[in-house]
Each structure stands twice: as C-alpha cells, then as structure tokens.
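Enquirer: Next up, protein_30.txt (compact mmCIF, C-alpha atoms and all ligand atoms).
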```
# COMPACT_ATOMS: atom_id res chain seq x y z
CA MET A 1 138.55 82.50 17.75
CA ALA A 2 140.30 81.17 14.58
CA SER A 3 140.42 83.40 11.53
CA PRO A 4 138.33 82.42 8.45
CA VAL A 5 141.59 81.53 6.59
CA CYS A 6 142.63 79.26 9.43
CA ARG A 7 139.18 77.61 9.52
CA LEU A 8 139.52 76.94 5.80
CA CYS A 9 142.93 75.31 6.41
CA VAL A 10 141.46 73.02 9.08
CA LEU A 11 138.62 72.10 6.75
CA LEU A 12 141.05 71.29 3.92
CA VAL A 13 143.21 69.10 6.18
CA LEU A 14 140.07 67.25 7.31
CA VAL A 15 138.96 66.67 3.71
CA VAL A 16 142.41 65.30 2.80
CA VAL A 17 142.52 63.00 5.86
CA VAL A 18 138.99 61.65 5.24
CA ALA A 19 139.64 61.21 1.52
CA SER A 20 142.92 59.36 2.04
CA SER A 21 141.52 57.11 4.78
CA SER A 22 138.57 56.22 2.56
CA LEU A 23 141.04 55.33 -0.20
CA LEU A 24 142.72 52.98 2.26
CA ASN A 25 139.35 51.39 2.96
CA GLN A 26 139.19 50.12 -0.58
CA THR A 27 139.92 46.42 -1.04
CA LEU A 28 142.84 45.17 -3.14
CA ARG A 29 140.24 43.38 -5.21
CA ALA A 30 138.34 46.57 -6.05
CA ALA A 31 141.47 48.66 -6.59
CA GLY A 32 142.86 45.88 -8.81
CA ALA A 33 139.68 45.86 -10.89
CA GLN A 34 140.01 49.62 -11.42
CA ALA A 35 143.60 49.18 -12.51
CA ALA A 36 142.60 46.21 -14.73
CA LEU A 37 144.86 43.83 -12.79
CA VAL A 38 143.68 40.70 -11.00
CA MET A 39 144.87 40.72 -7.39
CA GLY A 40 145.10 37.36 -5.69
CA SER A 41 146.34 35.34 -2.74
CA GLN A 42 147.13 31.76 -1.91
CA PHE A 43 145.01 30.23 0.86
CA LYS A 44 145.17 27.22 3.12
CA LEU A 45 142.04 25.09 2.74
CA THR A 46 141.94 24.04 6.40
CA ASN A 47 141.94 27.71 7.41
CA ILE A 48 139.10 28.50 5.01
CA GLN A 49 137.15 25.60 6.54
CA ASN A 50 137.96 26.54 10.13
CA ALA A 51 134.68 27.93 11.48
CA SER A 52 136.32 29.09 14.72
CA GLU A 53 138.47 31.59 12.80
CA PRO A 54 135.94 33.10 10.35
CA LYS A 55 138.08 36.19 9.73
CA TYR A 56 140.50 34.27 7.53
CA LYS A 57 137.90 33.22 4.97
CA ALA A 58 135.95 36.48 5.15
CA MET A 59 139.01 38.59 4.53
CA HIS A 60 140.42 36.37 1.80
CA ALA A 61 137.08 36.40 -0.05
CA LYS A 62 136.70 40.16 0.35
CA GLN A 63 140.21 41.27 -0.58
CA TYR A 64 141.01 39.04 -3.55
CA ALA A 65 139.68 38.23 -7.00
CA LEU A 66 141.98 35.27 -7.61
CA SER A 67 143.12 32.41 -5.43
CA THR A 68 145.40 29.41 -5.26
CA ALA A 69 145.15 26.48 -2.88
CA GLY A 70 148.52 26.12 -1.14
CA ASN A 71 148.64 22.33 -1.13
CA ALA A 72 145.19 20.90 -1.96
CA CYS A 73 145.82 20.32 -5.67
CA LYS A 74 149.33 18.85 -5.34
CA TRP A 75 150.14 15.15 -5.73
CA GLN A 76 150.60 14.92 -1.94
CA SER A 77 146.89 15.64 -1.68
CA THR A 78 145.21 14.37 -4.88
CA HIS A 79 147.25 11.23 -5.56
CA ARG A 80 148.71 10.22 -2.22
CA VAL A 81 147.92 6.54 -1.82
CA GLY A 82 148.61 4.63 -5.02
CA PRO A 83 148.67 4.77 -8.82
CA ALA A 84 144.94 4.17 -9.27
CA ASP A 85 143.82 5.93 -6.12
CA TYR A 86 142.89 9.57 -6.62
CA ASP A 87 141.21 11.92 -4.16
CA LEU A 88 140.27 15.19 -5.80
CA THR A 89 138.10 16.29 -2.86
CA PRO A 90 140.41 18.93 -1.31
CA CYS A 91 141.23 20.40 -4.72
CA LEU A 92 137.53 20.45 -5.68
CA GLN A 93 136.62 22.05 -2.34
CA SER A 94 139.24 24.71 -2.96
CA PHE A 95 137.95 25.41 -6.45
CA SER A 96 134.36 25.53 -5.14
CA TYR A 97 135.32 28.00 -2.44
CA ALA A 98 136.93 30.24 -5.08
CA THR A 99 133.81 29.98 -7.23
CA GLU A 100 131.54 30.92 -4.29
CA ALA A 101 133.79 33.87 -3.52
CA GLU A 102 133.59 34.87 -7.20
CA GLN A 103 137.31 34.42 -7.55
CA ALA A 104 139.30 33.01 -10.44
CA PHE A 105 141.34 29.95 -9.48
CA ARG A 106 144.95 28.96 -10.26
CA ALA A 107 145.46 25.23 -9.87
CA HIS A 108 148.90 24.49 -8.37
CA ASN A 109 150.49 22.17 -9.49
CA LEU A 110 150.52 19.15 -11.80
CA CYS A 111 154.17 18.17 -11.84
CA TRP A 112 156.98 18.93 -9.41
CA GLY A 113 160.06 17.28 -7.95
CA GLU A 114 158.79 17.92 -4.40
CA GLY A 115 155.87 16.73 -2.33
CA ASN A 116 155.53 13.51 -4.32
CA PRO A 117 153.99 10.44 -2.65
CA SER A 118 156.21 7.56 -1.55
CA TRP A 119 154.45 5.04 -3.85
CA LEU A 120 155.62 7.17 -6.78
CA LEU A 121 159.14 7.74 -5.50
CA ASN A 122 159.78 4.18 -4.40
CA GLY A 123 157.83 2.20 -6.99
CA GLY A 124 160.86 1.35 -9.16
CA TYR A 125 159.09 2.59 -12.30
CA ASN A 126 160.93 2.83 -15.61
CA ALA A 127 160.79 5.87 -17.89
CA SER A 128 157.84 4.73 -19.97
CA GLN A 129 155.82 3.78 -16.87
CA LEU A 130 156.59 7.18 -15.33
CA ARG A 131 155.47 8.92 -18.50
CA ALA A 132 152.19 6.98 -18.40
CA ILE A 133 151.69 7.78 -14.70
CA LEU A 134 152.31 11.49 -15.32
CA ARG A 135 149.87 11.56 -18.22
CA ASP A 136 147.22 9.73 -16.22
CA HIS A 137 147.61 12.11 -13.28
CA ILE A 138 147.32 15.23 -15.42
CA ARG A 139 144.29 13.92 -17.29
CA THR A 140 142.54 12.72 -14.15
CA VAL A 141 143.00 15.99 -12.26
CA MET A 142 142.20 18.35 -15.12
CA MET A 143 139.30 16.40 -16.57
CA GLY A 144 137.99 15.62 -13.08
CA LEU A 145 137.93 19.29 -12.07
CA LYS A 146 136.26 20.28 -15.30
CA GLN A 147 133.66 17.51 -15.26
CA GLN A 148 132.71 18.02 -11.63
CA THR A 149 132.51 21.81 -11.68
CA SER A 150 131.57 22.46 -15.32
CA ARG A 151 134.29 25.04 -15.54
CA SER A 152 138.03 25.33 -15.85
CA PRO A 153 140.44 27.06 -13.54
CA LEU A 154 141.88 30.26 -14.97
CA ALA A 155 145.30 28.61 -15.11
CA TYR A 156 147.30 25.55 -14.09
CA ASP A 157 150.90 25.51 -12.95
CA VAL A 158 151.63 22.53 -15.17
CA VAL A 159 155.29 22.22 -14.24
CA ASN A 160 156.80 23.70 -11.12
CA GLU A 161 160.44 24.55 -10.46
CA ALA A 162 162.18 22.47 -13.16
CA CYS A 163 165.24 24.69 -13.69
CA GLU A 164 168.57 25.09 -11.93
CA SER A 165 170.55 28.29 -11.87
CA LYS A 166 173.69 26.37 -12.88
CA ARG A 167 174.23 24.28 -15.99
CA ASN A 168 174.64 20.51 -15.63
CA SER A 169 177.79 18.90 -17.07
CA ASP A 170 175.85 17.96 -20.24
CA GLY A 171 174.88 21.62 -20.80
CA THR A 172 171.26 21.20 -19.65
CA PHE A 173 169.87 23.13 -16.72
CA PHE A 174 167.08 20.83 -15.57
CA LYS A 175 167.02 20.30 -11.85
CA SER A 176 167.04 16.81 -10.38
CA ALA A 177 163.31 16.36 -9.81
CA PRO A 178 162.46 12.92 -8.46
CA PRO A 179 160.96 10.83 -9.98
CA TRP A 180 160.76 12.85 -13.22
CA TYR A 181 164.25 14.06 -13.96
CA PRO A 182 166.63 12.69 -15.10
CA ALA A 183 164.55 9.50 -15.56
CA VAL A 184 162.16 11.14 -18.07
CA PRO A 185 164.28 13.70 -19.94
CA ASN A 186 161.29 15.14 -21.86
CA TYR A 187 158.91 15.25 -18.88
CA VAL A 188 158.23 18.99 -19.30
CA ASP A 189 157.05 18.45 -22.89
CA VAL A 190 154.93 15.47 -21.84
CA ALA A 191 153.28 17.46 -19.06
CA PHE A 192 152.37 20.47 -21.22
CA GLN A 193 151.19 18.38 -24.18
CA THR A 194 149.00 16.23 -21.94
CA ALA A 195 147.61 19.28 -20.16
CA ARG A 196 146.52 20.94 -23.40
CA GLU A 197 144.76 17.76 -24.53
CA ALA A 198 143.06 17.31 -21.16
CA ASP A 199 141.62 20.83 -20.94
CA PRO A 200 141.99 23.26 -23.83
CA ASP A 201 140.05 25.98 -21.93
CA THR A 202 142.65 26.93 -19.34
CA LEU A 203 146.02 28.67 -19.37
CA LEU A 204 149.12 26.50 -19.01
CA PHE A 205 151.93 27.94 -16.90
CA TYR A 206 155.50 27.12 -15.97
CA ASN A 207 156.14 28.38 -12.41
CA ASP A 208 159.50 29.00 -10.71
CA TYR A 209 161.32 30.98 -8.01
CA GLY A 210 164.57 32.93 -8.15
CA SER A 211 164.13 33.70 -11.84
CA GLU A 212 162.59 37.14 -11.49
CA GLU A 213 165.41 39.48 -12.51
CA TRP A 214 166.55 39.58 -16.12
CA GLY A 215 170.25 38.74 -16.45
CA THR A 216 170.58 36.33 -13.55
CA PRO A 217 171.66 32.79 -14.49
CA LYS A 218 168.37 31.23 -13.43
CA ALA A 219 166.24 33.80 -15.24
CA GLN A 220 168.32 33.10 -18.39
CA ASN A 221 167.76 29.37 -18.00
CA VAL A 222 164.01 29.72 -17.48
CA TYR A 223 163.84 32.04 -20.47
CA ALA A 224 165.84 29.56 -22.60
CA MET A 225 163.60 26.69 -21.52
CA VAL A 226 160.29 28.42 -22.27
CA LYS A 227 161.64 29.88 -25.53
CA ASP A 228 162.59 26.38 -26.60
CA LEU A 229 159.07 25.15 -25.74
CA VAL A 230 157.52 28.00 -27.73
CA ASP A 231 159.90 27.45 -30.69
CA ARG A 232 159.06 23.74 -30.81
CA GLY A 233 155.31 24.35 -30.55
CA VAL A 234 154.92 22.76 -27.11
CA PRO A 235 151.74 24.33 -25.70
CA ILE A 236 152.56 26.89 -22.99
CA ASP A 237 150.72 30.14 -22.23
CA GLY A 238 152.71 31.74 -19.48
CA VAL A 239 155.37 31.90 -16.83
CA GLY A 240 154.73 32.29 -13.12
CA LEU A 241 157.33 34.39 -11.35
CA GLN A 242 157.00 33.31 -7.73
CA MET A 243 158.73 36.33 -6.09
CA HIS A 244 159.79 34.83 -2.78
CA LEU A 245 161.91 37.87 -1.96
CA SER A 246 163.87 39.34 0.92
CA LEU A 247 165.10 42.79 1.86
CA ASP A 248 168.75 41.84 1.55
CA PRO A 249 169.80 41.52 -1.21
CA TYR A 250 167.16 44.03 -2.32
CA PRO A 251 165.83 43.03 -5.77
CA ASN A 252 166.08 45.27 -8.79
CA ALA A 253 162.58 46.06 -10.04
CA THR A 254 163.86 47.43 -13.34
CA LEU A 255 165.35 44.03 -14.12
CA ILE A 256 162.10 42.37 -13.04
CA GLY A 257 160.24 44.60 -15.50
CA GLU A 258 162.77 43.76 -18.22
CA ASN A 259 162.23 40.06 -17.59
CA ILE A 260 158.45 40.44 -17.83
CA TRP A 261 158.85 42.30 -21.11
CA ARG A 262 161.21 39.66 -22.57
CA LEU A 263 158.81 36.86 -21.69
CA GLY A 264 156.02 38.88 -23.26
CA GLN A 265 158.06 39.13 -26.46
CA LEU A 266 157.84 35.33 -26.67
CA GLY A 267 154.04 35.67 -26.71
CA LEU A 268 153.73 34.48 -23.11
CA GLN A 269 151.77 35.93 -20.21
CA VAL A 270 153.37 36.46 -16.82
CA HIS A 271 151.66 35.92 -13.47
CA VAL A 272 153.27 37.03 -10.24
CA THR A 273 152.31 33.88 -8.35
CA GLU A 274 153.72 33.69 -4.83
CA MET A 275 155.07 37.02 -3.67
CA ASP A 276 156.23 37.40 -0.09
CA VAL A 277 159.08 39.39 1.45
CA LYS A 278 160.93 38.00 4.47
CA CYS A 279 161.30 40.33 7.43
CA PRO A 280 162.48 38.20 10.35
CA GLU A 281 162.02 39.19 13.98
CA PRO A 282 162.63 41.87 15.11
CA CYS A 283 161.04 43.40 12.00
CA SER A 284 161.36 47.13 12.61
CA SER A 285 159.08 49.86 11.31
CA VAL A 286 161.88 50.96 8.99
CA GLN A 287 162.10 47.42 7.57
CA LEU A 288 158.32 47.31 7.18
CA ALA A 289 158.56 50.50 5.14
CA VAL A 290 161.26 48.98 2.92
CA GLN A 291 159.16 45.84 2.57
CA ALA A 292 156.24 48.01 1.48
CA ARG A 293 158.45 49.77 -1.06
CA LEU A 294 159.49 46.44 -2.57
CA TYR A 295 155.88 45.24 -2.82
CA GLY A 296 155.03 48.53 -4.52
CA GLU A 297 157.95 48.32 -6.97
CA VAL A 298 157.14 44.78 -8.06
CA LEU A 299 153.47 45.63 -8.49
CA GLN A 300 154.41 48.72 -10.47
CA ALA A 301 156.70 46.64 -12.72
CA CYS A 302 153.77 44.29 -13.36
CA LEU A 303 151.36 47.17 -14.05
CA TYR A 304 153.86 48.82 -16.36
CA HIS A 305 153.73 45.69 -18.53
CA LYS A 306 150.03 45.10 -17.95
CA LYS A 307 149.43 43.46 -21.31
CA VAL A 308 151.89 40.73 -20.33
CA CYS A 309 151.65 40.66 -16.52
CA THR A 310 148.02 39.76 -15.95
CA SER A 311 147.81 38.82 -12.29
CA PHE A 312 149.57 39.60 -9.03
CA GLU A 313 149.31 37.09 -6.22
CA THR A 314 150.88 36.73 -2.77
CA TRP A 315 151.61 33.42 -1.04
CA GLY A 316 149.12 33.94 1.76
CA PHE A 317 147.87 37.31 2.96
CA THR A 318 148.13 37.43 6.76
CA ASP A 319 151.43 36.96 8.61
CA VAL A 320 149.66 34.50 10.87
CA GLU A 321 149.86 31.88 8.11
CA SER A 322 153.01 31.69 6.03
CA TRP A 323 155.20 28.81 4.87
CA LEU A 324 158.15 30.87 6.15
CA ASN A 325 157.03 31.00 9.78
CA GLY A 326 159.12 28.66 11.92
CA ASP A 327 162.42 27.12 10.87
CA ARG A 328 162.42 28.64 7.39
CA CYS A 329 162.88 32.05 8.95
CA GLU A 330 166.33 33.06 10.20
CA PRO A 331 166.28 33.42 13.14
CA ALA A 332 163.49 30.85 13.47
CA GLY A 333 160.16 32.42 14.34
CA LEU A 334 157.79 34.78 12.60
CA CYS A 335 158.88 36.18 9.27
CA HIS A 336 156.24 38.90 8.72
CA PRO A 337 156.29 38.42 4.93
CA LEU A 338 152.75 39.36 3.89
CA PRO A 339 150.67 42.53 3.39
CA PHE A 340 148.44 42.01 6.46
CA ASP A 341 149.68 41.40 10.01
CA GLU A 342 148.80 38.66 12.51
CA GLN A 343 145.68 40.61 13.53
CA TYR A 344 144.61 40.89 9.87
CA LEU A 345 145.37 44.62 9.90
CA ALA A 346 146.83 46.32 6.84
CA LYS A 347 150.60 46.72 7.08
CA PRO A 348 152.49 49.43 5.15
CA ALA A 349 152.81 46.81 2.37
CA ALA A 350 149.02 46.55 1.94
CA GLU A 351 148.69 50.33 1.93
CA LYS A 352 151.44 50.60 -0.66
CA LEU A 353 149.80 48.01 -2.92
CA LEU A 354 146.54 49.96 -2.71
CA ARG A 355 148.18 53.27 -3.47
CA VAL A 356 150.06 51.85 -6.46
CA LEU A 357 146.84 50.34 -7.83
CA GLN A 358 144.97 53.59 -7.25
CA ALA A 359 147.70 55.55 -9.04
CA ASN A 360 147.35 53.18 -12.00
CA ARG A 361 143.60 53.39 -12.50
CA ASP A 362 142.81 52.38 -16.03
CA GLN A 363 141.64 55.53 -17.83
CA LYS A 364 139.65 53.40 -20.27
CA LEU A 365 137.39 51.95 -17.57
O1 LIG B 401 149.24 17.64 5.84
C1 LIG B 401 150.39 17.06 6.45
C2 LIG B 401 150.06 16.60 7.82
O2 LIG B 401 149.12 15.55 7.72
C3 LIG B 401 151.35 16.11 8.50
O3 LIG B 401 151.09 15.75 9.82
C4 LIG B 401 152.40 17.24 8.49
C5 LIG B 401 153.73 16.78 9.09
O4 LIG B 401 154.81 17.50 8.53
O5 LIG B 401 152.63 17.58 7.18
C6 LIG B 401 151.48 18.10 6.52
O6 LIG B 401 151.82 18.41 5.20
C7 LIG B 401 152.63 19.55 5.02
C8 LIG B 401 151.88 20.50 4.10
O7 LIG B 401 152.73 21.62 3.80
C9 LIG B 401 150.59 21.02 4.72
O8 LIG B 401 150.86 21.83 5.82
C10 LIG B 401 153.93 19.12 4.38
O9 LIG B 401 154.69 18.33 5.29
C11 LIG B 401 154.74 20.33 3.98
O10 LIG B 401 155.87 19.91 3.21
C12 LIG B 401 153.90 21.23 3.10
O11 LIG B 401 154.66 22.36 2.82
C13 LIG B 401 154.25 23.09 1.67
C14 LIG B 401 155.38 23.12 0.64
O12 LIG B 401 155.02 23.96 -0.46
C15 LIG B 401 155.66 21.71 0.07
O13 LIG B 401 154.56 21.23 -0.63
C16 LIG B 401 153.90 24.50 2.11
O14 LIG B 401 152.76 24.46 2.96
C17 LIG B 401 153.59 25.36 0.88
O15 LIG B 401 153.39 26.71 1.28
C18 LIG B 401 154.80 25.31 -0.07
O16 LIG B 401 154.49 26.06 -1.22
C19 LIG B 401 155.53 26.15 -2.19
C20 LIG B 401 154.84 26.11 -3.56
O17 LIG B 401 154.10 24.92 -3.69
C21 LIG B 401 155.88 26.21 -4.68
N1 LIG B 401 156.72 27.37 -4.51
C22 LIG B 401 157.35 27.52 -3.21
C23 LIG B 401 156.30 27.49 -2.10
C24 LIG B 401 156.93 27.70 -0.76
O18 LIG B 401 157.80 26.64 -0.46
```
So that I can check it, write out the structure of this file as structure tokens.
Ligand code: G3I

Expert:
Amino acid sequence: MASPVCRLCVLLVLVVVVASSSLLNQTLRAAGAQAALVMGSQFKLTNIQNASEPKYKAMHAKQYALSTAGNACKWQSTHRVGPADYDLTPCLQSFSYATEAEQAFRAHNLCWGEGNPSWLLNGGYNASQLRAILRDHIRTVMMGLKQQTSRSPLAYDVVNEACESKRNSDGTFFKSAPPWYPAVPNYVDVAFQTAREADPDTLLFYNDYGSEEWGTPKAQNVYAMVKDLVDRGVPIDGVGLQMHLSLDPYPNATLIGENIWRLGQLGLQVHVTEMDVKCPEPCSSVQLAVQARLYGEVLQACLYHKKVCTSFETWGFTDVESWLNGDRCEPAGLCHPLPFDEQYLAKPAAEKLLRVLQANRDQKL
C-alpha cells in the first residue's frame, strides 16, 4: 500500500499530465486570440472543396483565424484567358470560404513576375499598355471582390517578390519580373497607387522571401525599397516576410526580430506570410525537434514585436499538401515542412507554436 505522501505525488503528476494535455488540445486560433496574434494558414481551394477529404477543410477552419488562397487570386487564375476576360470565381469562392469560417482573408497577389498568363507575356505590349493592363487588373479584382462580397480582405499582397539580393549594374535591385520589369520601371508605384484607389479599406502589402534577417543583402534591399515608397508617399501599409526556411543554414531569430523592428520604425506592419521549414526525408525526430524550435523562435520574434508583427501564417498546415513536396525537396519526395503531419496530427512544431502562444497570453485580455 502506497504511503499518503506517495499518493499525493501520483495525484500531482496526474494533474500536471491532464493540465498539459488539455493545453495541447487548444487550437492555434484560440491560443492566438489569447496572445492577441492572428494565426493563419494558406489553403488550396480544391482541397477545401474536396468532399471526400473533409478533414482538410474542418481542420483548417478550426485551427486558423486567417487564411490565404494559394493560387486562386493570382493572375493565372483570375485573368488567364485574355485582357478583357476575367474570372474571379475561384478567388471569390476562397474569400467566401474564409468568411464562412469566420476567418480574415489575405488576398495573394496582384502583381508578380511569375505565374502570368501567356497572353500577357507574349502580347508584345509596350510600357504604357502594360501600365494600363496592370491598373485594370488591380481595379477589377479589388473592386470585384468588394462589390460581390460587400467587404474587403484584411490585406492584399499588392506586389510579390520584386527585389533581388544583388544590385543590378545601374544600382537598382529590382528583379527581372516579366512582363513588368524592366519594361515598366515604376510598376511597383503604379500597383500600390492603383490598389489604394481601388479599395481604401484594406491593407496594402509588399511580400517577399529571403529577406527575413536584418543585415542580409536582400533584407537591406527590401528595406530600402519600402523606405523609398514610404518617403515618397506611395501608399503601403506593410511587408510580408514569407519565411520559407530550412534547418541548414539555421536562421537567426534575433536578426529576424531586428528586421521586424526596423520595418516597424518606418510605420509599417509586418505579417509572417508563408512560413514553412524544410525537413527532407528521412526527417528524424531530432530534426523535427529542431524544426519545432525554429517555428517557436520565429513566432516569439513576432510576438516580441506584437505592435508591428500582426499576423503569423504558414504556407499550408498539413505535410500532405505543400508546394515543396516532390521535386522542390532535395532529395525529391516529402519535405515535412508544416506544423501538422500527413495524418493531420500535431507535430512538435504545432505543440511548440501552442506553447509559445500560451506563454505570451496577453495580460490585458
Ligand atoms: O492548375 C494547373 C493545372 O490545371 C495544370 O494541369 C498543372 C500542370 O502543372 O498546373 C496547375 O497549376 C499549378 C498551380 O500551382 C496549382 O497547383 C502551377 O503549374 C504551379 O506553378 C503552381 O505553383 C504554385 C506557385 O506558387 C506558382 O504560382 C504553388 O502551388 C504555390 O504554393 C506557390 O506559392 C508561392 C507564393 O505564391 C509566393 N511565395 C512563394 C510560394 C511558394 O513557391
């Protein structure tokens, strides 16, 4: 028969185990709300609509308070066929899903040098025609979404991935972005100015990858570009730091925090927009723990600068559906980059995100 002291120990252990497992039962959405940070994830519209795999939609709607359609609002989807031929349906369906799930929506994206339709790339347009086409596209998408849903997305990625890490020979650092750059040297200005006119009730973001850590050449270039926009009064509200990361080289979260702070000093918000962390096969339990640590460090950097860093989003949520799976993973195969595994179970990364959010509960709430 166990002594009373021993029985007390057993009871205490039980209480701790039950309490910590119930903490892990909390959703990222709820824990984010308690920490006053919006937690989000990209989704694939066809997966949301796939009735034979209901788990995907159910889990996305339950876990997240913010969402982004992976491809449904891009030119390749909304403006695929010809200059006067728009199809906003997939983007509208994505926005409607987010609304039903009581999620905020980030619309991605209005201008990029990738995923552009062949009529646009091969139409032989001159600079002034391209400017007019860009303005028409931005107006049609933004005004169309607003008119048909009577609301605005939380934010738009107005321009995506415009910067290089190196300088061009003329001292600029704009990336070749067909058909926009170099044909339309001021295309970034045109895009942001048109976006503000088309919908003044949404946040306008510049979104890029590889520019997360303060001090790296690309982060300096992105900073210089957005500072120049701010200084010249071009309307911009924030910068999306994509955070497509890997375990090697392991990013420096202090420098990520410094970058967030510097962007905040310009009066801009920061959204973590597309975080994932590559862990190619075989992804060991040790690597999963390091992956979790990195997720936790980036989230903590965002929470530390909460007034500036106002949302934290991953590019997908289950490893079953990631842009990295396949040839983009080295070796080709599954890349295990997200917080939930192929069976939709929480990985160490999801648990870490929860714990960091729980440790940062907003005392004012
Ligand atoms: O829908 C067509 C399908 O009809 C066709 O048969 C098939 C053949 O390749 O292609 C399908 O389209 C693909 C689309 O994803 C939908 O699956 C495109 O080829 C493919 O290029 C596209 O890839 C997307 C990529 O952006 C380019 O737009 C990825 O899913 C998407 O995750 C990725 O997302 C980007 C962000 O927009 C910007 N930041 C980086 C991030 C990862 O690359």

Enquirer: To one decimal in Å, tell me the separation between atom CA of Asn50 of chain A and atom CA of Ala107 of chain A.

Expert: 21.4 Å

Enquirer: Go through segment 71-178 of chain A and flag each residue having an atom no more than 8 Å from segment 208-211 of chain A; for those, report the closest pair of atoms plus their distance in Å to one decimal, using only C-alpha atoms, ordered by chain and rising number, as CSV.

Expert:
```
residue,atom,partner,partner_atom,distance
A:Asn160,CA,A:Asp208,CA,6.0
A:Glu161,CA,A:Asp208,CA,4.6
A:Ala162,CA,A:Asp208,CA,7.5
A:Cys163,CA,A:Asp208,CA,7.8
```

Enquirer: Hey, which residues come within 10 Å of ligand LIG 401 (chain B) if we count only C-alpha atoms and all ligand atoms? Could you give them as JSON, numbers by chain?

Expert: {"A": [42, 43, 44, 45, 46, 68, 69, 70, 71, 72, 73, 74, 75, 76, 77, 108, 109, 112, 113, 114, 115, 116, 157, 160, 161, 207, 208, 209, 241, 242, 243, 244, 273, 274, 275, 276, 315, 316, 321, 322, 323, 324, 328]}

Enquirer: Just checking: using all atoms listed in the file, which residue out of A:Arg293, A:Arg167, A:Arg29, A:Lys278 ends up closest to Ala349 of chain A?

Expert: A:Arg293

Enquirer: Counting all atoms listed in the file, which residue out of A:Pro117, A:Gly40, A:Pro280, A:Pro90 sits closest to Ala104 of chain A?

Expert: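 Of A:Pro117, A:Gly40, A:Pro280, A:Pro90, the one nearest Ala104 of chain A is A:Gly40, counting all atoms listed in the file.
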
Enquirer: In Å, rounded to a single decimal, give me how far atom CA of Gly240 of chain A is from atom CA of Val222 of chain A.

Expert: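 Here the two named atoms are 10.6 Å from each other.
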
Enquirer: Would you mind reading off the distance between atom CA of Gly267 of chain A and atom CA of Gln220 of chain A, one decimal, in Å?

Expert: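 Rounded to one decimal, the two atoms are 16.7 Å apart.
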
Enquirer: Pick the closest to Val272 of chain A from A:Leu245, A:Ala31, A:Val158, A:Ala58: which is it, counting all atoms listed in the file?

Expert: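 Looking at the shortest contact to Val272 of chain A, the residue is A:Leu245.
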
Enquirer: Quick one: residues within 9 Å of Ala98 of chain A, all atoms listed in the file counted, chain neighbours fewer than 5 positions away excluded, as a list in words?

Expert: Ala61, Ala65, Leu66, Ser67, Thr68, Gln93, Gln103, Ala104 and Phe105 of chain A

Enquirer: Please provide the set of residues having any atom within 9 Å of segment 140-142 of chain A, restricted to all atoms listed in the file, with same-chain residues fewer than 4 positions apart removed, written as a list in words.

Expert: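 In the requested format, the answer is Cys73, Thr78, Tyr86, Leu88, Cys91, Leu110, Arg135, Asp136, Lys146, Gln147, Ser152, Tyr156, Ala195, Ala198 and Asp199 of chain A.
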
Enquirer: Could you give me, as a ChimeraX atom specification, the residues within 8 Å of Leu266 of chain A, counting only C-alpha atoms and dropping anything in the same chain fewer than 3 positions from it?

Expert: /A:227,230,262-263

Enquirer: My list of candidates is A:Asn259, A:Asp87, A:Pro251, A:Ala183. Which is closest to Asn126 of chain A when distances are computed with all atoms listed in the file?

Expert: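 Looking only at the distances to Asn126 of chain A, the closest residue turns out to be A:Ala183.
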
Enquirer: Could you check which of A:Val190, A:Val308, A:Ile138, A:Val159 is closest to Ala177 of chain A, using all atoms listed in the file?

Expert: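 Under the stated criterion, the closest residue is A:Val159.
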
Enquirer: Leaving out Ala155 of chain A and any residue of its chain fewer than 3 positions from it, which residues lie within 6 Å of it when counting only C-alpha atoms, given as a list of chain:residue names?

Expert: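 Listed by chain and then number, they are A:Arg106, A:Thr202, A:Leu203, A:Leu204.
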
Enquirer: Give the answer as one residue: which of A:Thr216, A:Ser165, A:Thr89, A:Gln129 has the shortest atom-to-atom distance to Gln148 of chain A, using all atoms listed in the file?

Expert: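 Nearest to Gln148 of chain A: A:Thr89.
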
Enquirer: Set the distance at 7 Å and use all atoms listed in the file: which residues neighbour Leu357 of chain A once local chain neighbours fewer than 2 positions away are removed? I'd like the list as a PyMOL selection string.

Expert: chain A and resi 31-32+35+353-355+359-361

Enquirer: Around (134.2, 27.2, 0.1) in the file's own coordinates, what residues are found within 10 Å if you use only C-alpha atoms, given back as a short mmCIF file (atom, residue, chain, number, x, y, z; two decimals) with C-alpha atoms, in the coordinates of the input?

Expert:
```
data_model
loop_
_atom_site.label_atom_id
_atom_site.label_comp_id
_atom_site.auth_asym_id
_atom_site.auth_seq_id
_atom_site.Cartn_x
_atom_site.Cartn_y
_atom_site.Cartn_z
CA LEU A 45 142.04 25.09 2.74
CA ILE A 48 139.10 28.50 5.01
CA GLN A 49 137.15 25.60 6.54
CA LYS A 57 137.90 33.22 4.97
CA ALA A 61 137.08 36.40 -0.05
CA LEU A 92 137.53 20.45 -5.68
CA GLN A 93 136.62 22.05 -2.34
CA SER A 94 139.24 24.71 -2.96
CA PHE A 95 137.95 25.41 -6.45
CA SER A 96 134.36 25.53 -5.14
CA TYR A 97 135.32 28.00 -2.44
CA ALA A 98 136.93 30.24 -5.08
CA THR A 99 133.81 29.98 -7.23
CA GLU A 100 131.54 30.92 -4.29
CA ALA A 101 133.79 33.87 -3.52
#
```
